[in-house]
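K.L.:
I have a structure I would like to understand better, so I am pasting it below and will then ask my questions one at a time.
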Amino acid sequence: MGQHTVIPFGPQHPVLPEPLHLDLVVDDEVVVEAIPQIGFIHRGLERLTQTRDYNQFIYIAERICGICAFGHSLGYAETIETLMGVEIPKRAEYLRVILHELSRVHSHLLWLGLAADAFGYESLFMHCWRLRERVLDVFEATTGGRVILSAVLVGGMVRDQDAATLNMMRETLDGIKDEYAQLCKAFLEDSSVRNRLVGVGTITTEEALDYSMVGPFARASNVNNDVRMLGKGGYADLSDFQPILETDGDCFARAKVRALEVLQSIDIINEMVDKIPDGPVFEEVKGAPVAGAQACNTLEQPRGECYYYALGNGTKYLERMRMRTPTSINLAGMAQALKGCDLADVNMIVLTIDPCISCTER
Amino acid sequence: MGFASKSPWVIHYDASSCNGCDIEVLAALCPGYDVERFGIINTGNPKHADIFLVTGSVNEQNKPVLQEIYNQMLEPKVVVACGCCACTGGVFHDCYNVIGGVDQAIPVDVYAPGCAVRPEAIIDAVVEGLGVLEQKAAALKENQKKGA
Amino acid sequence: MAHERSFQDISLDSLVSTAERLKREGWRCVQMLCVNTDNGVDLTYSFSKLNELANYQVRGVTQGTSVPSIQNLFLGIFPFENEAKDLFGVDIEGMVLDFAGKFYAVAEREPMTILTPEAKERKDKEAKKAAAAAAKAKQAAEGGSAPADDLEAKLAGMDPEKAAKVRAAMEAKARKEAASSAQSEDDIEAKLANMDPEKAAKVRAALEAKKAKEGNA
């Protein structure tokens, strides 16, 4: 005892679809400290504002991350609209919320699948991804893309959706509800799942506040930081919105928060489809941001709060565009959650923060 | 048909992709497209793999990782570049930290374009890669005969 | 309930005391970002509490000025402080998790402080345009105005080589126009003299009508 070993974890690792490197300082089988190391997929796209104008940059913004693609194009568009002081048509705001919540359903199903894979429940993984394909079919029918949707423009949406398409969307979601209930049952009641997740990688409420954690990672530790009702757009018109909170702060609580958020998102989509007003979905934005004008914006993405900042310089090219993505602020919390865990639980804990490395590094 | 091309095992590495192509690579393996029914299995071990699926462009930090995985794979092996970024650098071609497509680091046999690359395109590319794998296996056999 | 967003300038000296106060009051750290300007790097620290989002900005941090780290108060900020060091060359002092410039391991040093050629060209153009507009405004205020002002303002915005070419081309064009109009009138007169008088009279009438029409238009 007392002999510390450093075990490198990643960047190529079977459980990680993405390259994240951790230096795990272990004492026998117990992790004493975890130091995250990134930089494998840093592209430097924030500097591309120098060569792409604000209308072109939305295509860069949505390629920050393929899983939260819609969220990034939405957050970017809202920030530029704030910067230039334009209002977009109400129908476009509703459509944005519908597609954003649908992305949350797809993202959470993806995560639930990966989590199942991480604790070795292969068939559950496959069932999650099978349901996810149905959501992707809806994306394909409404926007033409499966992953990168290119549905948002600065000033509104690329195209309107007719009543038949919105109905199809609702029917598809109603159709998966039953099967999803079975998945939830497996996740939340199966003893083999509970054995792997309960009490693993616990984060207390104080720690969550201390490390400024965001998203479901923090909500599982009873920290309410859901900014959906605080941001711009159609969320303000929801009749009732209660963020989903858990108190245990372990891996199981994180899985539960995400599992329940899928149902919440389906409810939001149904309400929005019912309420959606008629009208145009796009209004061209003219001119350029004023020199020195700055705007910031937050958006609740599937992985948590995302912060955007834009600074104009009088031309169509932005002086600075900044995105602070949820995973980057959660890294410190992840390192904390890893302290004291078993080596065999490392991949599970890393996964429960829903890391999105390409978001983090941009 | 050689033994490898009947049930090729694939390994996937995300060079500096936006995740879009990564999840499509996984989607191709999962229900919906389900290439596993043809014996195509995803492995995490380079030494088990016949086909190397790379997504995303190359930068200074991931270049050695990519080369390391490639070198660890045993012959015959095929590299498939999945997505526009892996083919040419794509929309990020002029970023300061992007060198270019995967062919800047390791030899590429098949290019699958798309942003994000569609699962159909990945399957097509893998099927095409099997032909290359077959050729490489035959050439390897020929060389071994000569050597013997 | 919408987010209340605010921007506020603070001095570099009060950064740590501000962060300490916010920590005591239960704010959470949202992010830190850098903007490269002509007068150094501007730092923006964002904090959030309930529905408030406050941005504190430290202006013009020049090379050689060290910025105290606030990681001991908000550890979550470590990726951004390291990023500031790697990409902007800001000297952050006393970091808890210090990757010593190896966080991103980029090929280019401090890449976010470098302007791409396109951006530099555009920036120079904007500066010249602004200067020309200022000069014009000054001239207008003094009462004198030249018709070529607009063009001159445009030329000022171009790169000098191109502007010289445009100027030369315009002068040549003006010379040619003057010469050709004089010449064409002479030509017609010579042609008319050779025609039979009746036809010449008709042509002259037609030409005059055309001129009158052009004049009206």
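Ordering of the structure tokens sets the chain letters (A, B, ...); residue numbers start at 1 within each chain; ligands are numbered from 1 in the order shown.
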Residues of chain B classed as strand (DSSP E) by DSSP on the backbone are to be reported as a PyMOL selection string.

P.N.:
chain B and resi 9-14+41-42+51-55+78-82+110-112

K.L.:
For Val41 (chain C), list every protein, DNA or RNA residue within 10 Å, evaluated using only C-alpha atoms, and leave out those in the same chain fewer than 3 positions away; present the list as a PyMOL selection string.

P.N.:
chain C and resi 33-38+44+58-63+84+88-90+113

K.L.:
Take the residues from that selection and put them in a file with C-alpha atoms, as a PDB file, in the first residue's frame.

P.N.:
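Written out: result_20.pdb:
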ATOM      1  CA  LEU C  33     -13.533  34.258 -22.166  1.00  0.00           C
ATOM      2  CA  CYS C  34     -10.892  36.371 -23.896  1.00  0.00           C
ATOM      3  CA  VAL C  35     -11.174  38.876 -26.714  1.00  0.00           C
ATOM      4  CA  ASN C  36      -8.045  39.945 -28.518  1.00  0.00           C
ATOM      5  CA  THR C  37      -7.968  43.706 -29.123  1.00  0.00           C
ATOM      6  CA  ASP C  38      -5.425  46.286 -30.262  1.00  0.00           C
ATOM      7  CA  THR C  44     -14.859  38.465 -19.402  1.00  0.00           C
ATOM      8  CA  VAL C  58     -11.309  43.321 -17.323  1.00  0.00           C
ATOM      9  CA  ARG C  59     -10.074  45.447 -20.212  1.00  0.00           C
ATOM     10  CA  GLY C  60      -6.730  45.549 -21.970  1.00  0.00           C
ATOM     11  CA  VAL C  61      -4.538  42.949 -20.271  1.00  0.00           C
ATOM     12  CA  THR C  62      -1.192  43.410 -22.019  1.00  0.00           C
ATOM     13  CA  GLN C  63       1.673  40.964 -22.478  1.00  0.00           C
ATOM     14  CA  ALA C  84      -6.581  31.731 -22.125  1.00  0.00           C
ATOM     15  CA  PHE C  88      -4.290  34.048 -26.110  1.00  0.00           C
ATOM     16  CA  GLY C  89      -1.014  34.021 -24.234  1.00  0.00           C
ATOM     17  CA  VAL C  90      -2.541  35.514 -21.071  1.00  0.00           C
ATOM     18  CA  THR C 113      -4.113  36.494 -31.237  1.00  0.00           C
TER      19      THR C 113
END

K.L.:
Excluding same-chain residues fewer than 4 positions from region 293-301 of chain A, what lies within 6 Å of it counting only C-alpha atoms, as a PyMOL selection string?

P.N.:
chain A and resi 79+83+227-228+305-312

K.L.:
Those residues you just picked out, can you put them in a file as an mmCIF file, in the first residue's frame with N, CA, C and O atoms?

P.N.:
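Result went into result07.cif, see below:
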data_model
loop_
_atom_site.group_PDB
_atom_site.id
_atom_site.type_symbol
_atom_site.label_atom_id
_atom_site.label_comp_id
_atom_site.auth_asym_id
_atom_site.auth_seq_id
_atom_site.Cartn_x
_atom_site.Cartn_y
_atom_site.Cartn_z
ATOM 1 N N THR A 79 -28.313 34.293 -30.064
ATOM 2 C CA THR A 79 -27.330 35.280 -29.623
ATOM 3 C C THR A 79 -27.188 36.401 -30.647
ATOM 4 O O THR A 79 -27.152 37.584 -30.294
ATOM 5 N N LEU A 83 -27.980 40.290 -30.333
ATOM 6 C CA LEU A 83 -26.935 41.261 -30.646
ATOM 7 C C LEU A 83 -27.466 42.336 -31.588
ATOM 8 O O LEU A 83 -27.143 43.514 -31.458
ATOM 9 N N VAL A 227 -32.003 26.189 -17.278
ATOM 10 C CA VAL A 227 -32.218 27.566 -17.740
ATOM 11 C C VAL A 227 -33.240 27.648 -18.871
ATOM 12 O O VAL A 227 -33.360 28.665 -19.526
ATOM 13 N N ARG A 228 -33.986 26.568 -19.082
ATOM 14 C CA ARG A 228 -34.947 26.598 -20.182
ATOM 15 C C ARG A 228 -35.938 27.750 -20.038
ATOM 16 O O ARG A 228 -36.271 28.416 -21.003
ATOM 17 N N GLU A 305 -26.458 23.668 -19.337
ATOM 18 C CA GLU A 305 -26.480 25.050 -19.775
ATOM 19 C C GLU A 305 -25.296 25.366 -20.685
ATOM 20 O O GLU A 305 -24.163 25.038 -20.370
ATOM 21 N N CYS A 306 -25.585 26.004 -21.806
ATOM 22 C CA CYS A 306 -24.530 26.421 -22.726
ATOM 23 C C CYS A 306 -24.552 27.943 -22.791
ATOM 24 O O CYS A 306 -25.620 28.550 -22.844
ATOM 25 N N TYR A 307 -23.373 28.547 -22.735
ATOM 26 C CA TYR A 307 -23.277 30.013 -22.716
ATOM 27 C C TYR A 307 -22.699 30.498 -24.046
ATOM 28 O O TYR A 307 -21.720 29.933 -24.535
ATOM 29 N N TYR A 308 -23.325 31.506 -24.631
ATOM 30 C CA TYR A 308 -22.838 32.072 -25.896
ATOM 31 C C TYR A 308 -22.532 33.548 -25.694
ATOM 32 O O TYR A 308 -23.246 34.245 -24.968
ATOM 33 N N TYR A 309 -21.501 33.997 -26.355
ATOM 34 C CA TYR A 309 -21.143 35.420 -26.285
ATOM 35 C C TYR A 309 -20.756 35.872 -27.679
ATOM 36 O O TYR A 309 -20.020 35.172 -28.397
ATOM 37 N N ALA A 310 -21.261 37.027 -28.105
ATOM 38 C CA ALA A 310 -20.904 37.554 -29.419
ATOM 39 C C ALA A 310 -20.527 39.018 -29.289
ATOM 40 O O ALA A 310 -21.113 39.753 -28.502
ATOM 41 N N LEU A 311 -19.540 39.434 -30.058
ATOM 42 C CA LEU A 311 -19.081 40.825 -30.062
ATOM 43 C C LEU A 311 -18.997 41.280 -31.513
ATOM 44 O O LEU A 311 -18.362 40.617 -32.343
ATOM 45 N N GLY A 312 -19.676 42.398 -31.820
ATOM 46 C CA GLY A 312 -19.683 42.902 -33.191
ATOM 47 C C GLY A 312 -18.584 43.914 -33.427
ATOM 48 O O GLY A 312 -18.014 44.464 -32.491
#

K.L.:
Would you give me, as an MDAnalysis selection string, the residues in region 40-139 of chain C that DSSP reads as helix (DSSP H, G or I)?

P.N.:
chainID C and resid 75:88 111:113 117:139

K.L.:
Please measure the separation of CA of Arg96 (chain A) and CA of Met169 (chain A), giving the value in Å to one decimal.

P.N.:
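Between CA of Arg96 (chain A) and CA of Met169 (chain A) the gap is 14.0 Å.
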
K.L.:
Can you pull out every residue within 9 Å of Gly76 (chain C), counting only C-alpha atoms, but drop anything in the same chain fewer than 3 positions away, and send it as a PyMOL selection string?

P.N.:
(chain A and resi 210-213+328-333) or (chain C and resi 29-31+71+79-80)

K.L.:
Closest to chain C among A:Ile67, A:Ala77, A:Ala236, A:Ile203, using only C-alpha atoms?

P.N.:
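Of all the options, A:Ala236 lies closest to chain C.
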
K.L.:
Closest to chain C among B:Val58, B:Gly101, B:Ala125, B:Asn19, using only C-alpha atoms?

P.N.:
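For chain C, the nearest of the given residues is B:Val58.
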
K.L.:
With the cut-off set at 9 Å and counting only C-alpha atoms, tabulate each residue of chain B with an atom at most that distance from an atom of chain C, showing the nearest atom pair and its distance in Å to one decimal, ordered by chain and increasing number, as a Markdown table.

P.N.:
| residue | atom | partner | partner_atom | distance |
| --- | --- | --- | --- | --- |
| B:Asn59 | CA | C:Ala107 | CA | 8.2 |
| B:Glu60 | CA | C:Ala107 | CA | 6.2 |
| B:Gln61 | CA | C:Ala105 | CA | 6.7 |
| B:Tyr96 | CA | C:Pro111 | CA | 7.1 |
| B:Asn97 | CA | C:Val106 | CA | 6.3 |

K.L.:
Would you save the residues of that selection, restricted to N, CA and C atoms, as a JSON list (two decimals), in the first residue's frame?

P.N.:
[["chain", "number", "residue", "atom", "x", "y", "z"],
["B", 59, "ASN", "N", -5.08, 16.56, -36.57],
["B", 59, "ASN", "CA", -4.30, 17.67, -36.04],
["B", 59, "ASN", "C", -3.02, 17.14, -35.40],
["B", 60, "GLU", "N", -2.18, 18.07, -34.93],
["B", 60, "GLU", "CA", -0.85, 17.67, -34.45],
["B", 60, "GLU", "C", -0.93, 16.66, -33.30],
["B", 61, "GLN", "N", -1.95, 16.82, -32.44],
["B", 61, "GLN", "CA", -1.99, 15.98, -31.26],
["B", 61, "GLN", "C", -2.53, 14.58, -31.53],
["B", 96, "TYR", "N", -7.03, 26.79, -37.75],
["B", 96, "TYR", "CA", -5.60, 26.82, -37.51],
["B", 96, "TYR", "C", -5.06, 25.50, -36.97],
["B", 97, "ASN", "N", -5.92, 24.70, -36.38],
["B", 97, "ASN", "CA", -5.41, 23.47, -35.78],
["B", 97, "ASN", "C", -5.81, 22.23, -36.58]]
